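Colleague: Please find my_file12.txt (compact mmCIF, C-alpha atoms) on the next line:
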# COMPACT_ATOMS: atom_id res chain seq x y z
CA MET A 24 -40.32 -57.89 -29.93
CA CYS A 25 -41.40 -57.23 -26.32
CA ARG A 26 -44.82 -58.72 -25.70
CA GLU A 27 -47.26 -57.23 -23.25
CA PRO A 28 -47.60 -59.46 -20.15
CA ASP A 29 -50.94 -61.05 -19.41
CA PRO A 30 -52.48 -58.82 -16.69
CA ALA A 31 -53.82 -61.91 -14.93
CA VAL A 32 -50.20 -63.09 -14.49
CA LEU A 33 -48.87 -59.71 -13.32
CA TYR A 34 -51.91 -59.03 -11.13
CA PRO A 35 -53.23 -62.43 -9.97
CA ASP A 36 -54.76 -60.92 -6.80
CA VAL A 37 -56.77 -58.53 -8.98
CA ALA A 38 -57.77 -61.30 -11.39
CA VAL A 39 -59.29 -63.24 -8.49
CA HIS A 40 -61.83 -60.43 -8.09
CA GLY A 41 -62.49 -60.16 -11.82
CA SER A 42 -61.61 -56.46 -12.15
CA LEU A 43 -59.41 -53.73 -10.68
CA ALA A 44 -62.53 -51.93 -9.46
CA ALA A 45 -63.68 -55.01 -7.54
CA ALA A 46 -60.20 -55.61 -6.10
CA LEU A 47 -60.02 -52.01 -4.85
CA GLN A 48 -63.51 -52.25 -3.39
CA ALA A 49 -62.51 -55.43 -1.57
CA GLU A 50 -59.40 -53.74 -0.17
CA ALA A 51 -61.49 -50.74 0.86
CA ALA A 52 -64.01 -53.01 2.61
CA ALA A 53 -61.15 -54.59 4.57
CA GLN A 54 -60.28 -51.07 5.74
CA GLY A 55 -63.86 -50.28 6.68
CA MET A 56 -64.86 -48.09 3.74
CA SER A 57 -66.59 -48.25 0.37
CA LEU A 58 -65.52 -46.73 -2.93
CA PRO A 59 -67.50 -45.40 -5.93
CA LEU A 60 -65.62 -47.25 -8.68
CA THR A 61 -66.72 -48.35 -12.13
CA VAL A 62 -65.28 -51.21 -14.16
CA THR A 63 -63.73 -50.29 -17.51
CA SER A 64 -65.04 -53.05 -19.76
CA SER A 65 -62.23 -52.77 -22.33
CA ASP A 66 -59.50 -53.45 -19.73
CA PRO A 67 -61.13 -54.52 -16.45
CA LEU A 68 -57.98 -55.83 -14.73
CA ARG A 69 -55.96 -52.67 -15.32
CA HIS A 70 -58.40 -49.80 -15.32
CA ALA A 71 -61.10 -48.41 -13.03
CA ARG A 72 -62.99 -45.12 -13.11
CA ILE A 73 -63.73 -43.04 -10.03
CA THR A 74 -66.98 -41.12 -9.55
CA SER A 75 -66.85 -38.01 -7.35
CA VAL A 76 -69.64 -36.14 -5.59
CA VAL A 77 -67.88 -32.94 -6.74
CA PRO A 78 -69.20 -32.17 -10.26
CA HIS A 79 -66.01 -30.60 -11.61
CA ARG A 80 -63.89 -33.58 -10.56
CA SER A 81 -64.12 -35.74 -13.64
CA SER A 82 -61.83 -38.00 -15.69
CA SER A 83 -60.44 -39.72 -12.61
CA PHE A 84 -58.87 -43.15 -12.86
CA VAL A 85 -56.75 -45.86 -11.32
CA THR A 86 -54.61 -47.58 -13.93
CA ALA A 87 -52.30 -50.58 -13.60
CA TRP A 88 -48.97 -50.52 -15.40
CA TRP A 89 -48.35 -52.94 -18.25
CA HIS A 90 -44.81 -54.22 -17.69
CA GLU A 91 -44.35 -53.59 -13.97
CA ARG A 92 -46.59 -54.27 -11.00
CA LYS A 93 -47.65 -50.74 -10.14
CA TRP A 94 -50.77 -48.56 -10.08
CA SER A 95 -51.22 -44.93 -11.09
CA PHE A 96 -53.88 -42.60 -9.73
CA SER A 97 -54.96 -39.46 -11.57
CA GLY A 98 -57.67 -36.94 -10.81
CA SER A 99 -58.75 -34.00 -12.96
CA SER A 100 -60.87 -30.97 -12.17
CA ASN A 101 -62.51 -29.13 -15.07
CA ASP A 102 -60.30 -31.24 -17.37
CA ARG A 103 -57.05 -30.11 -15.70
CA LEU A 104 -54.91 -32.67 -13.90
CA MET A 105 -54.88 -31.92 -10.16
CA ILE A 106 -53.35 -35.01 -8.61
CA SER A 107 -51.22 -37.73 -10.11
CA GLY A 108 -48.96 -40.40 -8.67
CA SER A 109 -47.95 -44.05 -8.65
CA THR A 110 -47.51 -46.75 -6.03
CA ASN A 111 -46.70 -50.46 -5.93
CA ASP A 112 -48.93 -50.97 -2.86
CA ILE A 113 -52.62 -51.30 -3.69
CA ARG A 114 -53.47 -51.02 0.01
CA VAL A 115 -52.68 -47.29 0.08
CA LEU A 116 -55.07 -46.41 -2.74
CA PRO A 117 -58.52 -46.67 -1.07
CA ARG A 118 -58.05 -43.68 1.26
CA VAL A 119 -56.79 -41.53 -1.60
CA ILE A 120 -59.69 -42.58 -3.82
CA ARG A 121 -62.23 -41.94 -1.07
CA GLY A 122 -60.83 -38.47 -0.35
CA TRP A 123 -61.03 -37.49 -4.01
CA ALA A 124 -64.50 -38.98 -4.45
CA GLU A 125 -65.94 -37.37 -1.32
CA GLY A 126 -64.62 -33.87 -2.03
CA ALA A 127 -61.67 -33.62 0.37
CA SER A 128 -59.22 -30.82 -0.37
CA LEU A 129 -56.09 -31.57 -2.38
CA ASP A 130 -53.91 -31.05 0.70
CA GLU A 131 -56.10 -33.40 2.75
CA ILE A 132 -55.87 -36.06 0.07
CA SER A 133 -52.11 -35.67 -0.17
CA LYS A 134 -51.75 -36.18 3.59
CA THR A 135 -53.45 -39.56 3.34
CA ALA A 136 -51.07 -40.75 0.60
CA THR A 137 -47.70 -42.41 1.05
CA PHE A 138 -46.63 -41.27 -2.43
CA ASP A 139 -46.33 -37.86 -4.09
CA LEU A 140 -49.63 -36.75 -5.59
CA LEU A 141 -49.85 -32.97 -5.92
CA THR A 142 -49.23 -31.37 -9.30
CA GLY A 143 -48.99 -27.85 -7.89
CA ARG A 144 -52.29 -26.77 -9.41
CA PHE A 145 -55.14 -25.63 -7.20
CA GLU A 146 -58.78 -26.24 -8.05
CA VAL A 147 -60.83 -23.53 -9.75
CA PRO A 148 -64.46 -24.72 -9.49
CA ASP A 149 -65.90 -21.79 -11.47
CA ASN A 150 -63.13 -22.06 -14.08
CA ASN A 151 -62.47 -18.31 -14.11
CA PRO A 152 -59.45 -17.53 -16.34
CA ALA A 153 -57.42 -15.45 -13.85
CA ASP A 154 -57.38 -18.23 -11.24
CA VAL A 155 -56.79 -20.94 -13.86
CA ILE A 156 -53.74 -18.99 -15.05
CA ALA A 157 -52.45 -18.62 -11.48
CA SER A 158 -53.02 -22.35 -10.91
CA GLU A 159 -51.05 -23.23 -14.04
CA TRP A 160 -48.16 -21.04 -12.93
CA GLN A 161 -48.05 -22.92 -9.63
CA CYS A 162 -47.89 -26.20 -11.55
CA LEU A 163 -44.98 -24.97 -13.68
CA LEU A 164 -43.13 -23.68 -10.62
CA LYS A 165 -43.46 -27.07 -8.89
CA ASP A 166 -42.45 -28.90 -12.04
CA ALA A 167 -39.38 -26.68 -12.39
CA ASP A 168 -38.49 -27.09 -8.72
CA ASP A 169 -38.72 -30.89 -9.02
CA ALA A 170 -36.68 -31.03 -12.23
CA ASP A 171 -32.93 -31.57 -12.05
CA TRP A 172 -32.43 -28.66 -14.41
CA PRO A 173 -31.25 -25.35 -12.86
CA GLN A 174 -31.49 -23.41 -16.12
CA TYR A 175 -35.11 -24.42 -16.66
CA ARG A 176 -35.98 -23.58 -13.05
CA ALA A 177 -34.37 -20.13 -13.47
CA LEU A 178 -36.42 -19.54 -16.62
CA ILE A 179 -39.77 -20.41 -15.01
CA GLU A 180 -39.01 -18.40 -11.87
CA SER A 181 -37.87 -15.38 -13.90
CA ALA A 182 -40.97 -15.55 -16.10
CA HIS A 183 -43.27 -15.79 -13.07
CA ALA A 184 -41.57 -12.78 -11.48
CA GLU A 185 -42.49 -10.61 -14.48
CA PRO A 186 -46.07 -9.23 -14.00
CA LYS A 187 -46.73 -8.82 -17.73
CA LEU A 188 -46.02 -12.50 -18.33
CA ARG A 189 -47.63 -13.71 -15.11
CA ARG A 190 -50.98 -12.45 -16.44
CA LEU A 191 -50.67 -14.81 -19.41
CA TYR A 192 -51.33 -18.53 -19.49
CA PRO A 193 -47.97 -20.38 -19.45
CA TYR A 194 -47.45 -23.65 -21.27
CA THR A 195 -44.56 -25.79 -22.42
CA SER A 196 -43.94 -27.67 -25.64
CA HIS A 197 -40.92 -29.98 -25.59
CA TRP A 198 -39.78 -28.03 -22.49
CA ALA A 199 -39.88 -24.71 -24.37
CA LEU A 200 -41.88 -22.03 -22.54
CA GLY A 201 -44.65 -20.17 -24.35
CA PHE A 202 -47.57 -17.95 -23.38
CA ALA A 203 -51.21 -17.61 -24.39
CA GLN A 204 -53.91 -15.06 -23.75
CA LYS A 205 -56.41 -17.58 -22.34
CA PRO A 206 -56.24 -21.07 -20.82
CA GLU A 207 -58.53 -22.55 -23.46
CA CYS A 208 -56.72 -23.73 -26.58
CA PRO A 209 -53.38 -21.89 -26.14
CA ASN A 210 -52.53 -22.52 -29.77
CA PHE A 211 -55.29 -20.11 -30.78
CA THR A 212 -53.19 -17.20 -29.48
CA PRO A 213 -50.83 -15.90 -32.20
CA PRO A 214 -47.33 -17.02 -31.12
CA PHE A 215 -44.91 -14.31 -30.08
CA VAL A 216 -42.18 -16.11 -28.13
CA SER A 217 -40.92 -19.59 -27.25
CA ILE A 218 -37.91 -19.95 -24.94
CA SER A 219 -35.75 -23.08 -24.67
CA SER A 220 -33.38 -23.63 -21.76
CA PRO A 221 -29.84 -24.98 -22.11
CA ARG A 222 -28.72 -28.04 -20.19
CA GLY A 223 -25.44 -27.41 -18.48
CA THR A 224 -23.49 -24.96 -20.59
CA GLY A 225 -25.08 -23.08 -23.44
CA ASN A 226 -27.53 -20.31 -24.13
CA TYR A 227 -31.26 -19.76 -23.89
CA THR A 228 -32.82 -19.83 -27.34
CA ILE A 229 -35.63 -17.47 -28.27
CA ARG A 230 -37.98 -18.29 -31.14
CA GLU A 231 -41.33 -16.96 -32.23
CA ARG A 232 -42.81 -20.48 -31.99
CA SER A 233 -41.40 -23.72 -30.63
CA ASN A 234 -40.56 -25.17 -34.05
CA GLY A 235 -39.46 -21.88 -35.62
CA PRO A 236 -35.97 -20.60 -36.41
CA ALA A 237 -33.83 -19.19 -33.61
CA LEU A 238 -34.09 -15.41 -33.26
CA HIS A 239 -31.78 -14.79 -30.29
CA TYR A 240 -29.31 -16.61 -28.07
CA VAL A 241 -28.73 -15.19 -24.57
CA ALA A 242 -26.74 -16.35 -21.57
CA THR A 243 -29.24 -15.81 -18.75
CA ALA A 244 -32.89 -16.40 -17.98
CA SER A 245 -33.39 -12.73 -17.12
CA GLU A 246 -32.17 -11.70 -20.58
CA ALA A 247 -34.50 -14.20 -22.20
CA ILE A 248 -37.46 -12.90 -20.21
CA ALA A 249 -36.63 -9.30 -21.08
CA ILE A 250 -36.80 -10.22 -24.77
CA ALA A 251 -40.08 -12.09 -24.20
CA VAL A 252 -41.63 -9.01 -22.59
CA ASP A 253 -40.51 -6.81 -25.48
CA ARG A 254 -42.17 -9.22 -27.90
CA ILE A 255 -45.62 -9.22 -26.25
CA PRO A 256 -48.04 -7.85 -28.88
CA ALA A 257 -49.58 -4.48 -28.03
CA GLU A 258 -53.12 -5.84 -28.19
CA LEU A 259 -52.19 -8.62 -25.76
CA LEU A 260 -50.67 -6.12 -23.33
CA GLN A 261 -53.86 -4.08 -23.47
CA THR A 262 -56.00 -7.14 -22.76
CA THR A 263 -53.87 -8.37 -19.87
CA SER A 264 -53.78 -4.92 -18.26
CA GLU A 265 -57.52 -5.32 -17.69
CA HIS A 266 -56.79 -8.42 -15.56
CA PRO A 267 -54.14 -7.64 -12.91
CA ALA A 268 -51.55 -10.30 -12.18
CA GLN A 269 -52.50 -12.61 -9.32
CA ASP A 270 -50.36 -12.72 -6.21
CA SER A 271 -49.18 -16.19 -5.27
Starting from the file, lay out its structure as structure tokens.

Modeller:
Amino acid sequence: MCREPDPAVLYPDVAVHGSLAAALQAEAAAQGMSLPLTVTSSDPLRHARITSVVPHRSSSFVTAWWHERKWSFSGSSNDRLMISGSTNDIRVLPRVIRGWAEGASLDEISKTATFDLLTGRFEVPDNNPADVIASEWQCLLKDADDADWPQYRALIESAHAEPKLRRLYPYTSHWALGFAQKPECPNFTPPFVSISSPRGTGNYTIRERSNGPALHYVATASEAIAIAVDRIPAELLQTTSEHPAQDS
């Protein structure tokens, strides 16, 4: 049985300061800045919370890995992950943390980082559904572009190119693509299609829901998307026609 290493052994430089928050504040001070960090009492050596002056930037953390000396940074806006990345160099974290805490733009924060941070989403301070949907599409497009999976990338790009689907909130479950009427609680929308991509050779599989029986097998992403469009419920089409697809 693999036992979890003692964080004081894996992170002795952090242990000297008593907490990850204190270690990061000390590093920031050495770089001529201060950071709004809070100690997480349940795991002080591996977890610190960030406080931002921007109200919708919440649930932001720096977390140390358990079995490898590395730190992850994550920042959410209106409970949607905006930036996320990992580094093995604690010295590069203070500028990223300060940018997030002081309200710098996502692009500005990314430019200060030496590791990949952007998720593809853009911030929607007022949380309006049309922009949240457009932001989620951008996240899926980046995810598909980064994935070593041409069939999945073709599926996401084909879906995004279809205006009737682009008006809907896209989400994935076990890499199968589905759609919801609104960003909040996608599962509350009655399921109408779930599309799984092949890896290498094979067909796209169309189901009504991700764990349902296969309804169709098709060779191309465009065929799969055509079936998805045909399956959009009439009442959902009527609702989405009231909210034109966003250009991106």

Colleague: Near Tyr240 (chain A), counting all atoms listed in the file, which residues have an atom at most 8 Å away, once you skip same-chain residues fewer than 3 positions from it, shown as a ChimeraX atom specification?

Modeller: /A:226-229,237

Colleague: Store the residues picked out above, limited to C-alpha atoms, as a compact mmCIF listing (two decimals), in the coordinates of the input.

Modeller:
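What follows is the written file result23.txt:
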# COMPACT_ATOMS: atom_id res chain seq x y z
CA ASN A 226 -27.53 -20.31 -24.13
CA TYR A 227 -31.26 -19.76 -23.89
CA THR A 228 -32.82 -19.83 -27.34
CA ILE A 229 -35.63 -17.47 -28.27
CA ALA A 237 -33.83 -19.19 -33.61

Colleague: Residues within 10 Å of region 73-84 of chain A, please, as a PyMOL selection string. Count only C-alpha atoms; anything in the same chain fewer than 6 positions from it doesn't count.

Modeller: chain A and resi 44+58-63+95-107+120-127+146-150

Colleague: Leaving out Ala52 (chain A) and any residue of its chain fewer than 4 positions from it, which residues lie within 12 Å of it when counting all atoms listed in the file, given as a PDB file with C-alpha atoms, keeping the file's coordinate frame?

Modeller:
ATOM      1  CA  ALA A  45     -63.680 -55.010  -7.540  1.00  0.00           C
ATOM      2  CA  ALA A  46     -60.200 -55.610  -6.100  1.00  0.00           C
ATOM      3  CA  LEU A  47     -60.020 -52.010  -4.850  1.00  0.00           C
ATOM      4  CA  GLN A  48     -63.510 -52.250  -3.390  1.00  0.00           C
ATOM      5  CA  MET A  56     -64.860 -48.090   3.740  1.00  0.00           C
ATOM      6  CA  SER A  57     -66.590 -48.250   0.370  1.00  0.00           C
ATOM      7  CA  LEU A  58     -65.520 -46.730  -2.930  1.00  0.00           C
ATOM      8  CA  PRO A  59     -67.500 -45.400  -5.930  1.00  0.00           C
ATOM      9  CA  ARG A 114     -53.470 -51.020   0.010  1.00  0.00           C
ATOM     10  CA  PRO A 117     -58.520 -46.670  -1.070  1.00  0.00           C
ATOM     11  CA  ARG A 118     -58.050 -43.680   1.260  1.00  0.00           C
ATOM     12  CA  ARG A 121     -62.230 -41.940  -1.070  1.00  0.00           C
TER      13      ARG A 121
END

Colleague: Residues near Asp168 (chain A), anyone? I mean within 12 Å using all atoms listed in the file, not counting same-chain ones fewer than 3 positions away, as a VMD selection string.

Modeller: chain A and resid 142 to 143 161 to 165 171 to 180

Colleague: Just the number, please: distance in Å from CA of Arg222 (chain A) to CA of Leu238 (chain A), one decimal.

Modeller: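 Atom-to-atom, CA of Arg222 (chain A) and CA of Leu238 (chain A) are spaced 19.0 Å apart.
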
Colleague: Using CA of Ala71 (chain A) and CA of Val85 (chain A) as the two end points, give the distance in Å to one decimal.

Modeller: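 A separation of 5.3 Å between them.
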
Colleague: Just to confirm, what's the straight-line distance from CA of Ala53 (chain A) to CA of Ala31 (chain A) in Å (one decimal)?

Modeller: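 That distance, rounded to one decimal, is 22.1 Å.
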
Colleague: Which is closest to Ala203 (chain A) among A:Ile250, A:Ala153, A:Leu43, A:Leu259, if we use all atoms listed in the file?

Modeller: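 Using all atoms listed in the file, Ala203 (chain A) sits closest to A:Leu259.
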
Colleague: Give me the residues near Val216 (chain A) as a PDB file with C-alpha atoms, in the frame of the given file, where near means some atom within 7 Å (using all atoms listed in the file) and where sequence neighbours in that chain fewer than 4 positions away do not count.

Modeller:
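Written output follows (out10.pdb):
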ATOM      1  CA  GLY A 201     -44.650 -20.170 -24.350  1.00  0.00           C
ATOM      2  CA  ILE A 229     -35.630 -17.470 -28.270  1.00  0.00           C
ATOM      3  CA  ARG A 230     -37.980 -18.290 -31.140  1.00  0.00           C
ATOM      4  CA  GLU A 231     -41.330 -16.960 -32.230  1.00  0.00           C
ATOM      5  CA  ARG A 232     -42.810 -20.480 -31.990  1.00  0.00           C
ATOM      6  CA  ALA A 251     -40.080 -12.090 -24.200  1.00  0.00           C
ATOM      7  CA  ARG A 254     -42.170  -9.220 -27.900  1.00  0.00           C
TER       8      ARG A 254
END

Colleague: Of the candidates A:Ile248, A:Ala199, A:Ile113, A:Ala182, which one gets nearest to Asn234 (chain A) if we count all atoms listed in the file?

Modeller: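 Counting all atoms listed in the file, the residue closest to Asn234 (chain A) is A:Ala199.
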
Colleague: Measuring between only C-alpha atoms, which one of A:Ser181, A:Gly235, A:Ser64, A:Glu27 shows the shortest distance to Val252 (chain A)?

Modeller: A:Ser181

Colleague: Between A:Ser219, A:Asn151, A:Ile156, A:Ala87, which residue has the minimum interatomic distance to Leu188 (chain A), considering all atoms listed in the file?

Modeller: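 Among the listed residues, the smallest separation from Leu188 (chain A) belongs to A:Ile156.
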
Colleague: For a quick check of understanding, using only C-alpha atoms, which of A:Ser233, A:Ala136, A:Glu246, A:Ile255 has the smallest distance to Leu191 (chain A)?

Modeller: A:Ile255
